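The structure under discussion appears below in the form of structure tokens.
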Amino acid sequence: MKKRFYITTPIYYPSAKLHIGHAYCTTLSDILARYNRMIGKEVYFLTGSDEHGQKIAENAAKAGKTPQQFVDDIVKTFKDLWEKLEITNDDFIRTTDLKHVATVQKIFTKLLAQGDIYLGSYEGWYCTPCESFWTTTQVGEAKLCPDCNRSVQLASEESYFFKTDKYVEGLLKKYEDTPNFITPESRKNEMVNTFIKPGLSELAVSRTSIDWGVPVKENTRHTVYVWVDALINYISALGYLSEDDELFHKFWQSDDVEIVQVLGADITRFHTIYWPMILKALGLRQADRYFVHGLLMMKDGKMSKSKGNVVDPLPLIDRYGVDAVRYYLAREVVFGSDGQFTPEQFVERFNVDLVNDLGNLLNRTVSMIEKYCDGVIPLYKGQVTEFDKEIEDLALQVVKEYRGYFDDLKVTEAITTAFKIISASNKYIDNTRPWELNANGKKEELDSVMNHLANNLFVGAMLLQPVLVNAPKELFKQLGVTKEKQNINLLSKYGVLGGEKVSKGNPLFPRLKVNDEVEYIKNLMK
Ligand code: ME8
């Protein structure tokens with residue numbers, strides 16, 4: 001296992017406020033960052049904003065602001081959202097940062113000097129929202145952008161080009177030799193069949209028509225194509241080609257680091273075709289994995305302002321708490337597949353998993369330990385009741401499965417597994433019937449049941465920590481768990497808790513009134 005972990009999210013456009021889809025990507029990446037820290041890796045987690053390009057300049061003009069003022073204002077809202085979602089990013093890169101601009105220029109100069117970039121002229125179909133040129137075949141009869149399905153215009157301009165030809169073979173070989181390079185596999189096939197096999201054109205890497213961008217030093221009529229500018233963030237943030245490049249050596253150019261880049265299905269082409277080619281041209285190592293997550297849809301399709309179905313995560317966090325939103329995103333939308341946001345499911349997940357399963361179990365366990373055991377978790381005495389072995393085996397198996405899933409970036413599966421121990425414990429209460437054990441004076445069995453319940457809750461809470469940032473802390477407080485015991489490595493043996501003094505606290509999650517809250521969320525979406 002590598003000792004370091006570098007994880008990145010896409011850098012989002014500050015053209016408007018972020019919505020639940022962006023929150024999804026960053027939250028899932030944060031969960032991976034937190035998990036890897038928890039198992040003892042040195043983690044660097046990067047997110048940021050992609051601030052150049054025509055679309056931003058146009059939006060700024062509409063808002064009556066300079067582009068810089070415009071992005072400054074919107075980037076503040078990004079940072080506020082990440083703070084509220086308790087995102088643990090180590091840095092926030094902005095493509096208007098001087099350090100980033102300097103790296104982009106140095107990379108351009110280097111590739112130009114090497115002959116990987118040359119000056120030519122371009123004619124093609126241009127999609128303004130995607131800032132992409134397409135060939136006649138790609139836009140088809142209807143002249144629509146293959147990425148976003150909007151109309152494209154014929155455009156021609158002098159441009160610098162990146163020689164993709166030189167790197168296609170190498171890229172295909174990389175795909176073949178590294179089975180997990182792009183996950184899910186279907187995305188890799190899509191890249192090969194839709195873009196590479198039909199013939200990849202040279203990539204236009206500069207524009208003369210756009211001022212709001214990084215100037216090409218050698219020819220200042222040109223600015224660097226916004227996608228090239230943006231992709232470079234992943235290494236400029238680490239100090240590549242700057243005087244202070246320690247992070248770059250630690251978290252990119254090293255065999256000790258696992259590099260995972262998380263992105264949405266809409267931007268797979270840039271990340272898994274052009275970006276690896278640029279890295280190759282620069283003589284740098286490749287990322288280990290591109291994890292392509294699905295898009296979050298609404299019942300009536302893609303989120304859009306005109307449909308009135310955009311979900312702003314902030315009011316959800318304000319009303320239901322950060323844990324509820326993080327949990328919903330990670331649990332409900334399988335990481336890697338498309339998903340759907342519905343108010344009904346949001347409320348149901350909350351009530352069923354968080355209130356009924358987790359919250360109730362804690363509440364019942366603490367009450368029973370207070371009532372039957374003077375408020376002290378009995379010591380672990382091994383397998384006493386006929387149900388103890390089964391639940392212990394399950395706990396140990398859950399821990400193992402959970403780590404396997406997380407190490408393979410299967411976030412949803414890992415969390416679902418963690419919850420197994422919680423639901424099994426509710427059944428364990430039904431099976432062992434502690435109130436009868438108490439009435440019949442079966443003290444030894446009763447103690448064992450209380451110990452197992454406390455230990456199961458402990459295991460569940462430990463495993464849910466990357467997702468739920470508050471509830472496990474409250475649970476540890478109520479069960480009196482010391483800091484020393486909050487160590488994931490201790491979970492390879494069952495029975496860590498015993499002897500702690502419990503103290504009843506507030507319920508972890510308040511039960512929601514389904515109809516009222518569904519209505520409330522629907523109103524937020526208008
Ligand atoms: O593409 N569901 O920025 P962007 C899930 N600046 N995730 C979604 C989503 C949805 N409905 N909508 C957006 C850009 N996302 C470029 C990236 S990186 C070098 C440059 C997430 O603001 C998803 O991760 O359009 C998607 O890939 C990303 O936001 C696009 O964000």
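Residues in the structure tokens are named by chain (A, B, ... in the order shown) and by number from 1 within that chain; ligands are numbered from 1 in the order shown.
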Checklist entry - Taking only C-alpha atoms and all ligand atoms into account, which residues are within 6 Å of ligand 1, as a PyMOL selection string? => result chain A and resi 10-13+21-22+24-25+50+230-231+263-267+295-297
File of the preceding selection, C-alpha atoms, as a PDB file, in the first residue's frame:
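Contents of again-v8.pdb, freshly written:
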```pdb
ATOM      1  CA  PRO A  10     -12.514  19.137 -11.106  1.00  0.00           C
ATOM      2  CA  ILE A  11     -12.072  22.862 -10.687  1.00  0.00           C
ATOM      3  CA  TYR A  12     -15.553  24.245 -11.202  1.00  0.00           C
ATOM      4  CA  TYR A  13     -16.478  27.250 -13.325  1.00  0.00           C
ATOM      5  CA  GLY A  21     -24.123  18.008  -8.428  1.00  0.00           C
ATOM      6  CA  HIS A  22     -20.899  19.862  -7.667  1.00  0.00           C
ATOM      7  CA  TYR A  24     -21.776  15.544  -4.814  1.00  0.00           C
ATOM      8  CA  CYS A  25     -18.390  15.352  -6.514  1.00  0.00           C
ATOM      9  CA  ASP A  50     -11.562  27.394 -13.339  1.00  0.00           C
ATOM     10  CA  ALA A 230      -7.530  24.292 -16.309  1.00  0.00           C
ATOM     11  CA  LEU A 231      -6.002  20.809 -16.453  1.00  0.00           C
ATOM     12  CA  LEU A 263     -14.457  13.956 -12.284  1.00  0.00           C
ATOM     13  CA  GLY A 264     -17.935  13.857 -13.758  1.00  0.00           C
ATOM     14  CA  ALA A 265     -18.849  11.921 -16.870  1.00  0.00           C
ATOM     15  CA  ASP A 266     -19.228  15.188 -18.833  1.00  0.00           C
ATOM     16  CA  ILE A 267     -15.503  15.926 -18.788  1.00  0.00           C
ATOM     17  CA  LEU A 295     -24.408  12.822 -12.974  1.00  0.00           C
ATOM     18  CA  LEU A 296     -27.124  13.626 -10.548  1.00  0.00           C
ATOM     19  CA  MET A 297     -30.399  14.074 -12.374  1.00  0.00           C
TER      20      MET A 297
END
```
Item to check | Who sits within 8 Å of Leu85 of chain A, only C-alpha atoms, same chain under 2 positions skipped, as a list in words | outcome: Thr27, Leu81, Trp82, Glu83, Ile87, Ile317, Val322 and Arg326 of chain A
Item to check | DSSP-assigned alpha helix (DSSP H) among segment 10-251 of chain A, expressed as a VMD selection string | outcome: chain A and resid 20 to 38 54 to 62 67 to 84 98 to 114 136 to 139 165 to 177 185 to 190 226 to 231 233 to 236 246 to 251
Near segment 503-511 of chain A, 7 Å: segment 342-372 of chain A residue rows, closest pairs, only C-alpha atoms, as a Markdown table:
```
| residue | atom | partner | partner_atom | distance |
| --- | --- | --- | --- | --- |
| A:Asn351 | CA | A:Arg511 | CA | 6.0 |
| A:Leu354 | CA | A:Phe509 | CA | 6.5 |
| A:Val355 | CA | A:Phe509 | CA | 5.4 |
| A:Gly359 | CA | A:Leu508 | CA | 5.2 |
| A:Asn363 | CA | A:Pro507 | CA | 6.8 |
| A:Val366 | CA | A:Lys504 | CA | 6.2 |
```
Can I get the selection written as a CSV table (one decimal), in the first residue's frame, with all heavy atoms?
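The result, stored in out14.csv:
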```csv
chain,number,residue,atom,x,y,z
A,351,ASN,N,-34.9,9.4,7.7
A,351,ASN,CA,-35.7,8.8,8.7
A,351,ASN,C,-35.3,7.3,8.9
A,351,ASN,O,-35.2,6.8,10.0
A,351,ASN,CB,-37.2,8.9,8.4
A,351,ASN,CG,-37.8,10.2,8.9
A,351,ASN,OD1,-37.1,10.9,9.7
A,351,ASN,ND2,-39.0,10.5,8.4
A,354,LEU,N,-30.7,7.1,9.3
A,354,LEU,CA,-30.1,7.9,10.4
A,354,LEU,C,-30.9,7.9,11.7
A,354,LEU,O,-30.4,7.8,12.8
A,354,LEU,CB,-29.8,9.3,9.9
A,354,LEU,CG,-28.9,9.4,8.7
A,354,LEU,CD1,-28.7,10.8,8.2
A,354,LEU,CD2,-27.5,8.7,9.0
A,355,VAL,N,-32.2,8.1,11.5
A,355,VAL,CA,-33.1,8.2,12.7
A,355,VAL,C,-33.4,6.8,13.3
A,355,VAL,O,-33.0,6.4,14.4
A,355,VAL,CB,-34.4,8.9,12.4
A,355,VAL,CG1,-35.3,9.0,13.7
A,355,VAL,CG2,-34.1,10.3,11.9
A,359,GLY,N,-29.6,6.3,15.0
A,359,GLY,CA,-30.0,7.1,16.2
A,359,GLY,C,-30.7,6.3,17.3
A,359,GLY,O,-30.4,6.3,18.5
A,363,ASN,N,-29.7,5.3,21.2
A,363,ASN,CA,-30.6,5.7,22.2
A,363,ASN,C,-31.0,4.5,23.1
A,363,ASN,O,-30.9,4.5,24.3
A,363,ASN,CB,-31.8,6.3,21.5
A,363,ASN,CG,-32.6,7.1,22.5
A,363,ASN,OD1,-32.1,7.7,23.4
A,363,ASN,ND2,-33.9,7.0,22.3
A,366,VAL,N,-27.8,3.1,25.1
A,366,VAL,CA,-27.4,3.9,26.3
A,366,VAL,C,-28.4,3.8,27.4
A,366,VAL,O,-28.1,3.6,28.6
A,366,VAL,CB,-27.1,5.4,25.9
A,366,VAL,CG1,-26.9,6.3,27.1
A,366,VAL,CG2,-25.9,5.5,24.9
```
With a cut-off of 12 Å, could you pull out the residues of segment 44-118 of chain A touching segment 273-288 of chain A and give me the nearest pair of atoms for each, distance in Å to one decimal, using only C-alpha atoms, ordered by chain and ascending number, as a tab-separated table?
```
residue	atom	partner	partner_atom	distance
A:Val104	CA	A:Ile278	CA	11.8
A:Lys106	CA	A:Leu282	CA	11.0
A:Ile107	CA	A:Leu282	CA	7.9
A:Phe108	CA	A:Leu282	CA	10.2
A:Thr109	CA	A:Leu282	CA	11.2
A:Lys110	CA	A:Leu282	CA	8.0
A:Leu111	CA	A:Ala281	CA	7.4
A:Leu112	CA	A:Ala281	CA	10.8
A:Ala113	CA	A:Leu282	CA	11.5
A:Gln114	CA	A:Ala281	CA	8.8
A:Gly115	CA	A:Ala281	CA	10.0
A:Asp116	CA	A:Ala281	CA	7.3
A:Ile117	CA	A:Ala281	CA	10.1
```
Checklist entry - Hey, what's within 8 Å of Val205 of chain A if we count only C-alpha atoms and toss same-chain stuff fewer than 3 positions away? As a list in words, please? => result Ser159, Tyr160, Phe161, Phe162, Val224, Tyr225 and Val228 of chain A
Next on the checklist: So the first atom is atom CA of Val399 of chain A and the second is atom CA of Asn180 of chain A; what is the distance between them in Å, to one decimal place?
Outcome noted: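 Rounded to one decimal, the two atoms are 23.5 Å apart.
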Checklist entry - What is the atom CA of Thr268 of chain A-atom CA of Thr135 of chain A distance in Å, reported with one decimal? => result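 So the answer is 18.4 Å.
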Next on the checklist: What's the separation between atom CA of Lys76 of chain A and atom CA of Thr47 of chain A, in Å to one decimal place?
Outcome noted: 13.6 Å
Next on the checklist: Need to verify the contact set: Val334 of chain A, 12 Å, only C-alpha atoms, exclusion of same-chain residues closer than 4 positions in sequence. Can you return it as a PyMOL selection string?
Outcome noted: chain A and resi 24-25+28+184+292-296+327-330+338-341+409-416
Item to check | Spatial neighbours of Trp125 of chain A, 7 Å, only C-alpha atoms, chain gap at least 3 places, as a ChimeraX atom specification | outcome: /A:133-136,152-155
With C-alpha atoms retained, write the just-selected residues as a PDB file, in the first residue's frame.
```pdb
ATOM      1  CA  PHE A 133     -13.983  22.809 -31.444  1.00  0.00           C
ATOM      2  CA  TRP A 134     -15.541  19.825 -33.219  1.00  0.00           C
ATOM      3  CA  THR A 135     -15.160  18.226 -36.648  1.00  0.00           C
ATOM      4  CA  THR A 136     -17.976  18.061 -39.200  1.00  0.00           C
ATOM      5  CA  VAL A 152     -22.308  24.902 -32.759  1.00  0.00           C
ATOM      6  CA  GLN A 153     -21.014  27.647 -35.083  1.00  0.00           C
ATOM      7  CA  LEU A 154     -18.483  27.464 -37.897  1.00  0.00           C
ATOM      8  CA  ALA A 155     -15.379  29.335 -36.797  1.00  0.00           C
TER       9      ALA A 155
END
```
Please provide as an mmCIF file with C-alpha atoms, in the first residue's frame all residues within 10 Å of Cys148 of chain A, with the sequence filter that same-chain residues fewer than 6 positions apart are discarded (counting only C-alpha atoms).
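Saved file part_39.cif follows:
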```
data_model
loop_
_atom_site.group_PDB
_atom_site.id
_atom_site.type_symbol
_atom_site.label_atom_id
_atom_site.label_comp_id
_atom_site.auth_asym_id
_atom_site.auth_seq_id
_atom_site.Cartn_x
_atom_site.Cartn_y
_atom_site.Cartn_z
ATOM 1 C CA CYS A 127 -19.375 25.157 -29.109
ATOM 2 C CA PRO A 129 -20.642 26.822 -23.719
ATOM 3 C CA CYS A 130 -18.148 23.928 -23.872
ATOM 4 C CA ASP A 266 -19.228 15.188 -18.833
#
```
Item to check | Best match for closeness to Leu203 of chain A among A:Glu185, A:Ser151, A:Tyr118, A:Gly170, counting only C-alpha atoms | outcome: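 Using only C-alpha atoms, Leu203 of chain A sits closest to A:Tyr118.
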Item to check | Among the residues A:His19, A:Lys485, A:Lys513, A:Lys163, the one that comes closest to Phe458 of chain A [using only C-alpha atoms] | outcome: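 Of all the options, A:Lys485 lies closest to Phe458 of chain A.
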Could you produce a table of the residues of segment 24-108 of chain A lying within 9 Å of segment 207-219 of chain A, with the nearest pair of atoms per residue and their separation in Å rounded to one decimal, using only C-alpha atoms, ordered by chain and increasing residue number, as CSV?
```
residue,atom,partner,partner_atom,distance
A:Glu51,CA,A:Gly213,CA,8.4
A:His52,CA,A:Gly213,CA,5.1
A:Gly53,CA,A:Trp212,CA,5.7
A:Gln54,CA,A:Ile210,CA,6.1
A:Ile56,CA,A:Trp212,CA,8.3
A:Ala57,CA,A:Trp212,CA,6.4
A:Pro67,CA,A:Trp212,CA,7.6
A:Thr95,CA,A:Val214,CA,8.9
A:Thr96,CA,A:Val214,CA,8.4
A:Val101,CA,A:Val214,CA,6.3
A:Ala102,CA,A:Val214,CA,8.8
A:Val104,CA,A:Val214,CA,7.5
A:Gln105,CA,A:Val216,CA,6.5
A:Lys106,CA,A:Lys217,CA,8.8
A:Phe108,CA,A:Val216,CA,7.4
```
Just to be explicit: take each residue in the selection above, keep C-alpha atoms, and write the result as a CSV table (one decimal), in the first residue's frame.
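Output contents, as saved in part_20.csv:
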```csv
chain,number,residue,atom,x,y,z
A,51,GLU,CA,-11.8,31.1,-13.9
A,52,HIS,CA,-10.8,31.9,-17.5
A,53,GLY,CA,-12.7,31.7,-20.8
A,54,GLN,CA,-15.3,33.3,-22.9
A,56,ILE,CA,-17.0,33.7,-17.7
A,57,ALA,CA,-16.1,37.0,-19.5
A,67,PRO,CA,-14.1,39.3,-14.9
A,95,THR,CA,-6.6,29.6,-12.3
A,96,THR,CA,-6.1,33.4,-11.8
A,101,VAL,CA,-0.5,31.5,-14.5
A,102,ALA,CA,3.3,31.3,-14.4
A,104,VAL,CA,0.8,27.5,-17.5
A,105,GLN,CA,3.1,29.8,-19.4
A,106,LYS,CA,6.2,27.8,-18.6
A,108,PHE,CA,3.4,26.2,-23.0
```
Next on the checklist: Ranking A:Tyr380, A:Glu190, A:Ala23, A:Phe476 by minimum distance to Val325 of chain A and counting only C-alpha atoms, which one comes first?
Outcome noted: A:Ala23
Checklist entry - So, counting only C-alpha atoms, which residue among A:Ala395, A:Ile74, A:Val168, A:Ala439 is closest to Gly48 of chain A? => result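 Checking each of A:Ala395, A:Ile74, A:Val168, A:Ala439 against Gly48 of chain A, counting only C-alpha atoms, the winner is A:Ile74.
Across A:Lys99, A:Arg269, A:His222, A:Lys299, the tightest approach to Ile235 of chain A is made by A:Lys99 when counting only C-alpha atoms.
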Checklist entry - Can you tell me, as a PyMOL selection string, what residues are no more than 9 Å from Ile39 of chain A when counting only C-alpha atoms, ignoring any on the same chain fewer than 6 positions away? => result chain A and resi 487-489
At most 12 Å is the cut-off: for each residue in segment 1-36 of chain A with any atom that close to an atom of segment 247-254 of chain A, write down the nearest atom pair and the distance in Å rounded to one decimal, counting only C-alpha atoms, chain first then increasing number, as a tab-separated table.
```
residue	atom	partner	partner_atom	distance
A:Lys2	CA	A:Ser254	CA	10.2
A:Lys3	CA	A:Phe251	CA	10.4
A:Arg4	CA	A:Phe251	CA	7.1
A:Phe5	CA	A:Phe251	CA	7.3
A:Tyr6	CA	A:Phe251	CA	5.9
A:Ile7	CA	A:Phe251	CA	9.4
A:Thr8	CA	A:Phe251	CA	11.3
```
Would you output that residue set with N, CA and C atoms, as a compact mmCIF listing (two decimals), in the first residue's frame?
```
# COMPACT_ATOMS: atom_id res chain seq x y z
N LYS A 2 0.53 2.19 -0.88
CA LYS A 2 1.35 3.42 -0.94
C LYS A 2 1.08 4.29 0.29
N LYS A 3 2.09 5.04 0.71
CA LYS A 3 1.90 5.76 1.97
C LYS A 3 1.27 7.15 1.79
N ARG A 4 1.22 7.61 0.54
CA ARG A 4 0.59 8.92 0.31
C ARG A 4 -0.58 8.81 -0.67
N PHE A 5 -1.46 9.80 -0.59
CA PHE A 5 -2.67 9.79 -1.41
C PHE A 5 -2.94 11.21 -1.87
N TYR A 6 -2.98 11.39 -3.20
CA TYR A 6 -3.30 12.72 -3.75
C TYR A 6 -4.64 12.61 -4.45
N ILE A 7 -5.60 13.42 -4.03
CA ILE A 7 -6.92 13.35 -4.64
C ILE A 7 -7.36 14.74 -5.10
N THR A 8 -7.93 14.79 -6.32
CA THR A 8 -8.36 16.08 -6.87
C THR A 8 -9.82 16.00 -7.32
```
